[in-house]
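Engineer: Got a structure here, written out as structure tokens. Questions coming.
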Amino acid sequence: MSKGRYIVLLLWVGLALPYAALKAQNYPKGYFRNPLDLPIKLSGTFGELRTNHFHSGLDIRTESKEGYKVYAIADGHVSRVKVSAYGYGLAVYIDHPNGYTSVYAHLQQFQGQLADWVRAKHYEKEAFEIDLSLKPGELVVKKGDVVALSGNTGGSGGPHLHFELRNTKTEAIINPQLFGYEVPDQVAPLFSFVELVPHGKGAQINGSGNNKKMWAQKSKSGYQLVPQRIDAWGSFYVQTRVADKHDGNGFNNGIYQLILLAEGDTVYHFKADAFEFNETRYANSVMDYESRMLQRESIYRCLKEPGNRVSLLPRVKNDGTLSIAPGDSIQLEIIATDFNGNASRLSWKMRGATERTFELSATVPTGERLTPDKPVNLIKDELRLSMPAWNFYDTLDLQYKRSIRPALSYSAVHSIHTPKVPVHGFYQVAIKHTGLPDSLRPFTVLVGIGLGGSRTAATGSWKGDFFEARVRTFGDFYLAVDTVLPSVVAVNHKPGKAYRTGQKLNFRIGDNLSGLDSYDIFIDGKWEYHEFDGKTATLSIPLQKSLASGNHTLDIVVKDAVGNTRNFQTNFKIL
Ligand SMILES: [Zn+2]
């Protein structure tokens, strides 16, 4: 083979393949209609890096307003309805005969026969929060039926429609853009910076064990780094902050592909096509977790840790890590593309350092060495930990420290490794109490302190003098009790106030530690429909037309996760 042909082949393999050839799976195009009547403008893309997850659908903008008609994208049947104060808020799932399920979330309200069905279920279950599956014949929809109005319910940060497509059988979540949804986007992804991260014992970049950050500068010919000498000793990887913008839209969206090339050879390839339902937390390994948790920055790491088994990485060489022989020099290039194929490239040269600048201090490993492929069982005097295999991403030297009991606690503080390192799923922690009176046992929670000081409280159960609960972070843990009743505060109501039907009574409800478990409304002793929005902690009671004129009693019963119950009573008048 002549040299010329070799170069042509290399270019084809290195560049053409990542863009086109891997888009192999045949998803039906044009089968599904737009779920809205609005042109598709996105405030969130599929596979985007979010805290603890990959974004699993498209966030379709609704002109900063609620109330747009949401259509069934094809014939099918409603297979699931979920109403929650958190997460997806009001959501409907429709199964289609071609094997895909469409999901519509953060809805303001359901419409038509679906609305009637859900309403009846609220009264039947006597609950606002429901999660129900439906059989194929129960609620049939036609393509173009209005199933709901768009909204901002659940964990939504502004009015939009969260729209997903899943494989009905496997629940694998698929990029809806693969089904032919057109999104106007001629803007190529924007690089902010590249960081070179020393990885492994003694690794250095420019004589330092710290990350080397290099800002990207945009010019007519593409992206450049400020020219400088960069040399590496040992192993390192590349990470980058890059985002995509769409036409006429200021949102920083996720990219579709990220490719790292060394001398034209693909070292790492991220591609947001589809992932399995239970893979979403691998996002914590794909991104720089600490930057996300502390600065809300989405930094893509070109590193595949051994415990990261996500299917969004079609090609990775040496886990994405690089090393350069002393004195050698290599050309690195990083390419980011959006779904429409707009690409940004950034390239730079690096040299292998000829010597290590500083001596490694002879520090001994401070913890027990753990690899992700094995379960972990740790038993200390006052702590027991049990974790399944594949629950963290890379080998670690587990750090453990016990410190004295803080005020208002009932155990020592147990520091389990560091909250800077993400954990994949739940594991069990049991902590021995100190000085907890028997009477307070039922009110115990396990408090966890995460990155940046955020506090969570988990309920659990007693095993002798140990209180056991499920957690899914590393960090500081201790026992505390919650004996404080949940709070109920009227927002727009005073006892005896007169209303017309159709008006809404609003209350703010909350809990100090263990968190809300349930909330119920009774008017004249009978359960009544209400709504609860988790992000504003607002409980709303729409006054039904069926309410007779005259005086009525209202009971709000709010329970926290350890069973403390507030019974708030008031009364009102219907005009
Ligand atoms: Zn979304």
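How things are named: the first chain in the structure tokens is A, the next is B, and so on; residues count from 1 in each chain; ligands count from 1 in the order shown.
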Sorted by chain and rising residue number, which residues of chain A lie within 9 Å of ligand 1, and what are their closest atom pairs and distances in Å to one decimal, counting only C-alpha atoms and all ligand atoms, as JSON lines?
Structural biologist:
{"residue": "A:Ser43", "atom": "CA", "partner": "ligand 1", "partner_atom_place_in_ligand_line": "1 (Zn)", "distance": 8.4}
{"residue": "A:Gly44", "atom": "CA", "partner": "ligand 1", "partner_atom_place_in_ligand_line": "1 (Zn)", "distance": 6.3}
{"residue": "A:Thr45", "atom": "CA", "partner": "ligand 1", "partner_atom_place_in_ligand_line": "1 (Zn)", "distance": 8.0}
{"residue": "A:Phe46", "atom": "CA", "partner": "ligand 1", "partner_atom_place_in_ligand_line": "1 (Zn)", "distance": 8.6}
{"residue": "A:His55", "atom": "CA", "partner": "ligand 1", "partner_atom_place_in_ligand_line": "1 (Zn)", "distance": 6.3}
{"residue": "A:Ser56", "atom": "CA", "partner": "ligand 1", "partner_atom_place_in_ligand_line": "1 (Zn)", "distance": 6.9}
{"residue": "A:Gly57", "atom": "CA", "partner": "ligand 1", "partner_atom_place_in_ligand_line": "1 (Zn)", "distance": 5.9}
{"residue": "A:Leu58", "atom": "CA", "partner": "ligand 1", "partner_atom_place_in_ligand_line": "1 (Zn)", "distance": 5.9}
{"residue": "A:Asp59", "atom": "CA", "partner": "ligand 1", "partner_atom_place_in_ligand_line": "1 (Zn)", "distance": 4.6}
{"residue": "A:Ile60", "atom": "CA", "partner": "ligand 1", "partner_atom_place_in_ligand_line": "1 (Zn)", "distance": 8.1}
{"residue": "A:Tyr88", "atom": "CA", "partner": "ligand 1", "partner_atom_place_in_ligand_line": "1 (Zn)", "distance": 8.3}
{"residue": "A:Ala105", "atom": "CA", "partner": "ligand 1", "partner_atom_place_in_ligand_line": "1 (Zn)", "distance": 7.8}
{"residue": "A:His106", "atom": "CA", "partner": "ligand 1", "partner_atom_place_in_ligand_line": "1 (Zn)", "distance": 8.5}
{"residue": "A:Ser156", "atom": "CA", "partner": "ligand 1", "partner_atom_place_in_ligand_line": "1 (Zn)", "distance": 7.6}
{"residue": "A:His160", "atom": "CA", "partner": "ligand 1", "partner_atom_place_in_ligand_line": "1 (Zn)", "distance": 8.2}
{"residue": "A:Leu161", "atom": "CA", "partner": "ligand 1", "partner_atom_place_in_ligand_line": "1 (Zn)", "distance": 7.3}
{"residue": "A:His162", "atom": "CA", "partner": "ligand 1", "partner_atom_place_in_ligand_line": "1 (Zn)", "distance": 4.3}
{"residue": "A:Phe163", "atom": "CA", "partner": "ligand 1", "partner_atom_place_in_ligand_line": "1 (Zn)", "distance": 7.0}
{"residue": "A:Glu164", "atom": "CA", "partner": "ligand 1", "partner_atom_place_in_ligand_line": "1 (Zn)", "distance": 8.5}
Engineer: Pick out the residues sitting within 7 Å of stretch 220-229 of chain A, and hand them over as number ranges by chain; count only C-alpha atoms, and ignore anything fewer than 6 positions along from it in its own chain.
Structural biologist: A: 214, 344-348
Engineer: What parts of stretch 530-573 of chain A does DSSP call strand (DSSP E or B)? I'd like the answer as a ChimeraX atom specification.
Structural biologist: /A:531-533,538-542,550-560,565-573
Engineer: Dump N, CA and C atoms for the selected residues as a PDB file, in the first residue's frame?
Structural biologist:
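Here's the written file again_2.pdb:
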ATOM      1  N   GLU A 531     -53.333  19.617  44.983  1.00  0.00           N
ATOM      2  CA  GLU A 531     -52.102  19.512  44.204  1.00  0.00           C
ATOM      3  C   GLU A 531     -50.946  19.945  45.082  1.00  0.00           C
ATOM      4  N   PHE A 532     -49.783  19.342  44.849  1.00  0.00           N
ATOM      5  CA  PHE A 532     -48.612  19.759  45.611  1.00  0.00           C
ATOM      6  C   PHE A 532     -47.435  19.927  44.663  1.00  0.00           C
ATOM      7  N   ASP A 533     -46.768  21.070  44.777  1.00  0.00           N
ATOM      8  CA  ASP A 533     -45.597  21.354  43.947  1.00  0.00           C
ATOM      9  C   ASP A 533     -44.358  21.319  44.838  1.00  0.00           C
ATOM     10  N   THR A 538     -45.647  24.180  47.737  1.00  0.00           N
ATOM     11  CA  THR A 538     -47.004  24.735  47.797  1.00  0.00           C
ATOM     12  C   THR A 538     -48.066  23.660  47.594  1.00  0.00           C
ATOM     13  N   LEU A 539     -48.963  23.623  48.567  1.00  0.00           N
ATOM     14  CA  LEU A 539     -50.114  22.724  48.511  1.00  0.00           C
ATOM     15  C   LEU A 539     -51.309  23.576  48.090  1.00  0.00           C
ATOM     16  N   SER A 540     -51.979  23.193  46.986  1.00  0.00           N
ATOM     17  CA  SER A 540     -53.118  23.977  46.476  1.00  0.00           C
ATOM     18  C   SER A 540     -54.381  23.149  46.556  1.00  0.00           C
ATOM     19  N   ILE A 541     -55.443  23.795  46.994  1.00  0.00           N
ATOM     20  CA  ILE A 541     -56.737  23.103  47.066  1.00  0.00           C
ATOM     21  C   ILE A 541     -57.728  23.861  46.191  1.00  0.00           C
ATOM     22  N   PRO A 542     -58.021  23.345  44.999  1.00  0.00           N
ATOM     23  CA  PRO A 542     -59.029  24.003  44.160  1.00  0.00           C
ATOM     24  C   PRO A 542     -60.422  23.683  44.720  1.00  0.00           C
ATOM     25  N   GLY A 550     -72.130  28.065  52.162  1.00  0.00           N
ATOM     26  CA  GLY A 550     -72.136  27.963  53.620  1.00  0.00           C
ATOM     27  C   GLY A 550     -70.779  27.576  54.180  1.00  0.00           C
ATOM     28  N   ASN A 551     -70.772  27.173  55.445  1.00  0.00           N
ATOM     29  CA  ASN A 551     -69.523  26.888  56.165  1.00  0.00           C
ATOM     30  C   ASN A 551     -69.010  25.471  55.915  1.00  0.00           C
ATOM     31  N   HIS A 552     -67.665  25.374  55.849  1.00  0.00           N
ATOM     32  CA  HIS A 552     -67.017  24.072  55.663  1.00  0.00           C
ATOM     33  C   HIS A 552     -65.788  23.978  56.549  1.00  0.00           C
ATOM     34  N   THR A 553     -65.454  22.762  56.966  1.00  0.00           N
ATOM     35  CA  THR A 553     -64.205  22.571  57.709  1.00  0.00           C
ATOM     36  C   THR A 553     -63.145  22.030  56.751  1.00  0.00           C
ATOM     37  N   LEU A 554     -61.915  22.418  57.017  1.00  0.00           N
ATOM     38  CA  LEU A 554     -60.791  21.941  56.201  1.00  0.00           C
ATOM     39  C   LEU A 554     -59.720  21.372  57.132  1.00  0.00           C
ATOM     40  N   ASP A 555     -59.336  20.131  56.885  1.00  0.00           N
ATOM     41  CA  ASP A 555     -58.249  19.491  57.643  1.00  0.00           C
ATOM     42  C   ASP A 555     -57.098  19.194  56.691  1.00  0.00           C
ATOM     43  N   ILE A 556     -55.917  19.637  57.073  1.00  0.00           N
ATOM     44  CA  ILE A 556     -54.717  19.304  56.304  1.00  0.00           C
ATOM     45  C   ILE A 556     -53.863  18.400  57.194  1.00  0.00           C
ATOM     46  N   VAL A 557     -53.640  17.189  56.743  1.00  0.00           N
ATOM     47  CA  VAL A 557     -52.871  16.233  57.540  1.00  0.00           C
ATOM     48  C   VAL A 557     -51.548  15.959  56.837  1.00  0.00           C
ATOM     49  N   VAL A 558     -50.458  16.359  57.479  1.00  0.00           N
ATOM     50  CA  VAL A 558     -49.135  16.211  56.864  1.00  0.00           C
ATOM     51  C   VAL A 558     -48.259  15.343  57.767  1.00  0.00           C
ATOM     52  N   LYS A 559     -47.658  14.330  57.145  1.00  0.00           N
ATOM     53  CA  LYS A 559     -46.848  13.374  57.900  1.00  0.00           C
ATOM     54  C   LYS A 559     -45.418  13.420  57.380  1.00  0.00           C
ATOM     55  N   ASP A 560     -44.430  13.363  58.286  1.00  0.00           N
ATOM     56  CA  ASP A 560     -43.045  13.296  57.813  1.00  0.00           C
ATOM     57  C   ASP A 560     -42.592  11.833  57.737  1.00  0.00           C
ATOM     58  N   THR A 565     -46.916  13.738  62.756  1.00  0.00           N
ATOM     59  CA  THR A 565     -48.069  14.158  61.969  1.00  0.00           C
ATOM     60  C   THR A 565     -48.632  15.486  62.456  1.00  0.00           C
ATOM     61  N   ARG A 566     -48.766  16.405  61.546  1.00  0.00           N
ATOM     62  CA  ARG A 566     -49.406  17.694  61.849  1.00  0.00           C
ATOM     63  C   ARG A 566     -50.834  17.638  61.349  1.00  0.00           C
ATOM     64  N   ASN A 567     -51.777  17.945  62.245  1.00  0.00           N
ATOM     65  CA  ASN A 567     -53.171  18.014  61.833  1.00  0.00           C
ATOM     66  C   ASN A 567     -53.605  19.468  61.921  1.00  0.00           C
ATOM     67  N   PHE A 568     -53.650  20.122  60.782  1.00  0.00           N
ATOM     68  CA  PHE A 568     -53.941  21.559  60.716  1.00  0.00           C
ATOM     69  C   PHE A 568     -55.410  21.736  60.388  1.00  0.00           C
ATOM     70  N   GLN A 569     -56.127  22.436  61.278  1.00  0.00           N
ATOM     71  CA  GLN A 569     -57.563  22.590  61.044  1.00  0.00           C
ATOM     72  C   GLN A 569     -57.928  24.042  60.835  1.00  0.00           C
ATOM     73  N   THR A 570     -58.833  24.257  59.896  1.00  0.00           N
ATOM     74  CA  THR A 570     -59.327  25.603  59.667  1.00  0.00           C
ATOM     75  C   THR A 570     -60.734  25.492  59.064  1.00  0.00           C
ATOM     76  N   ASN A 571     -61.317  26.629  58.743  1.00  0.00           N
ATOM     77  CA  ASN A 571     -62.637  26.588  58.111  1.00  0.00           C
ATOM     78  C   ASN A 571     -62.776  27.714  57.109  1.00  0.00           C
ATOM     79  N   PHE A 572     -63.731  27.570  56.224  1.00  0.00           N
ATOM     80  CA  PHE A 572     -63.951  28.591  55.192  1.00  0.00           C
ATOM     81  C   PHE A 572     -65.425  28.587  54.822  1.00  0.00           C
ATOM     82  N   LYS A 573     -65.773  29.579  54.030  1.00  0.00           N
ATOM     83  CA  LYS A 573     -67.167  29.738  53.640  1.00  0.00           C
ATOM     84  C   LYS A 573     -67.250  29.769  52.117  1.00  0.00           C
TER      85      LYS A 573
END
Engineer: Neighbouring residues of A:Ala353 were defined as those with any atom within 9 Å, considering only C-alpha atoms; residues of the same chain fewer than 3 positions away were excluded. Please report them as a list in words.
Structural biologist: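 Everything that qualifies: Gln204, Ile205, Asn206, Gly207, Ile230, Asp231, Ala232, Trp233, Gly234, Ile324, Ala325, Pro326, Gly327, Asp328 and Arg356 of chain A.
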Engineer: Residues within 8 Å of A:Ile174, please, as a list in words. Count only C-alpha atoms; anything in the same chain fewer than 4 positions from it doesn't count.
Structural biologist: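 Answer for this query is Ser56, Gly57, Glu164, Leu165, Arg166, Asn167, Leu178, Asp273, Ala274 and Phe275 of chain A.
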Engineer: Quick one: everything within 8 Å of stretch 334-343 of chain A, counting only C-alpha atoms, minus sequence neighbours fewer than 3 positions away in the same chain. Send it as a PDB file with C-alpha atoms, in the first residue's frame.
Structural biologist:
ATOM      1  CA  TYR A  19     -19.826  11.031  12.209  1.00  0.00           C
ATOM      2  CA  GLN A 177     -33.665  13.240  17.095  1.00  0.00           C
ATOM      3  CA  ASP A 185     -29.182  24.403  14.531  1.00  0.00           C
ATOM      4  CA  GLN A 186     -26.348  25.731  12.443  1.00  0.00           C
ATOM      5  CA  VAL A 187     -24.221  26.790  15.396  1.00  0.00           C
ATOM      6  CA  ALA A 188     -21.257  24.518  16.075  1.00  0.00           C
ATOM      7  CA  PRO A 189     -20.456  23.546  19.682  1.00  0.00           C
ATOM      8  CA  VAL A 242     -18.020  22.335  25.700  1.00  0.00           C
ATOM      9  CA  ASP A 244     -23.869  23.565  21.986  1.00  0.00           C
ATOM     10  CA  ILE A 255     -23.326  18.062  22.443  1.00  0.00           C
ATOM     11  CA  TYR A 256     -24.069  14.949  20.389  1.00  0.00           C
ATOM     12  CA  GLN A 257     -20.552  13.590  19.953  1.00  0.00           C
ATOM     13  CA  LEU A 258     -17.153  14.173  21.466  1.00  0.00           C
ATOM     14  CA  ILE A 259     -14.102  12.589  19.916  1.00  0.00           C
ATOM     15  CA  LEU A 260     -10.513  12.717  21.102  1.00  0.00           C
ATOM     16  CA  LEU A 261      -7.850  11.850  18.544  1.00  0.00           C
ATOM     17  CA  LEU A 346      -9.429  22.060  18.750  1.00  0.00           C
ATOM     18  CA  SER A 347      -5.911  20.756  18.339  1.00  0.00           C
TER      19      SER A 347
END
Engineer: Please identify all polymer residues within 9 Å of A:Pro28, counting only C-alpha atoms, omitting same-chain residues fewer than 4 positions from it, and present them as a ChimeraX atom specification.
Structural biologist: /A:32,98,178-180
Engineer: Select, from A:Pro159, A:Pro176, A:Gly202, A:Gly76, the residue with the minimum atom-to-atom distance to A:Lys135, counting only C-alpha atoms.
Structural biologist: A:Gly76
Engineer: Per DSSP on the backbone, what are the helix (DSSP H, G or I) residues of stretch 130-344 of chain A, as a VMD selection string?
Structural biologist: chain A and resid 176 to 179 277 to 286 289 to 295 318 to 320
Engineer: Produce a file of the selected residues containing C-alpha atoms, as an mmCIF file, in the first residue's frame.
Structural biologist:
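This is the output file result-v5.cif:
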data_model
loop_
_atom_site.group_PDB
_atom_site.id
_atom_site.type_symbol
_atom_site.label_atom_id
_atom_site.label_comp_id
_atom_site.auth_asym_id
_atom_site.auth_seq_id
_atom_site.Cartn_x
_atom_site.Cartn_y
_atom_site.Cartn_z
ATOM 1 C CA PRO A 176 -35.657 11.404 19.765
ATOM 2 C CA GLN A 177 -33.665 13.240 17.095
ATOM 3 C CA LEU A 178 -32.820 9.836 15.601
ATOM 4 C CA PHE A 179 -36.519 9.621 14.651
ATOM 5 C CA PHE A 277 -32.610 2.977 31.901
ATOM 6 C CA ASN A 278 -30.269 1.882 34.707
ATOM 7 C CA GLU A 279 -27.189 3.492 33.138
ATOM 8 C CA THR A 280 -28.135 7.072 33.810
ATOM 9 C CA ARG A 281 -25.946 7.557 36.900
ATOM 10 C CA TYR A 282 -22.849 6.733 34.847
ATOM 11 C CA ALA A 283 -23.110 10.423 33.942
ATOM 12 C CA ASN A 284 -21.242 11.034 37.219
ATOM 13 C CA SER A 285 -18.242 9.220 35.763
ATOM 14 C CA VAL A 286 -18.513 10.692 32.262
ATOM 15 C CA TYR A 289 -18.270 15.136 39.208
ATOM 16 C CA GLU A 290 -16.684 17.618 41.583
ATOM 17 C CA SER A 291 -17.049 20.536 39.139
ATOM 18 C CA ARG A 292 -20.660 19.604 38.565
ATOM 19 C CA MET A 293 -21.490 19.363 42.254
ATOM 20 C CA LEU A 294 -19.592 22.450 43.393
ATOM 21 C CA GLN A 295 -19.708 24.808 40.390
ATOM 22 C CA ASN A 318 -6.748 2.520 26.923
ATOM 23 C CA ASP A 319 -9.740 3.887 28.857
ATOM 24 C CA GLY A 320 -9.058 7.212 27.144
#
Engineer: Please provide the set of residues having any atom within 10 Å of stretch 535-537 of chain A, restricted to only C-alpha atoms, with same-chain residues fewer than 3 positions apart removed, written as a list in words.
Structural biologist: Ala85, Tyr86, Gly87, Thr153, Gly154, Gly155, Ser156, Gly157, Phe507, Arg508, Ile509, Gly510, Phe532 and Ser540 of chain A
Engineer: Which one is closest to A:Met350: A:Val81, A:Val310, A:Ile330, A:Val118? Count only C-alpha atoms.
Structural biologist: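 Residue with the minimum atom-to-atom distance to A:Met350: A:Ile330.
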Engineer: Here is a test: counting only C-alpha atoms, which residue of A:Tyr71, A:Tyr427, A:Tyr93, A:Trp462 is nearest to A:Leu139?
Structural biologist: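 With only C-alpha atoms as the atom set, the closest residue is A:Tyr93.
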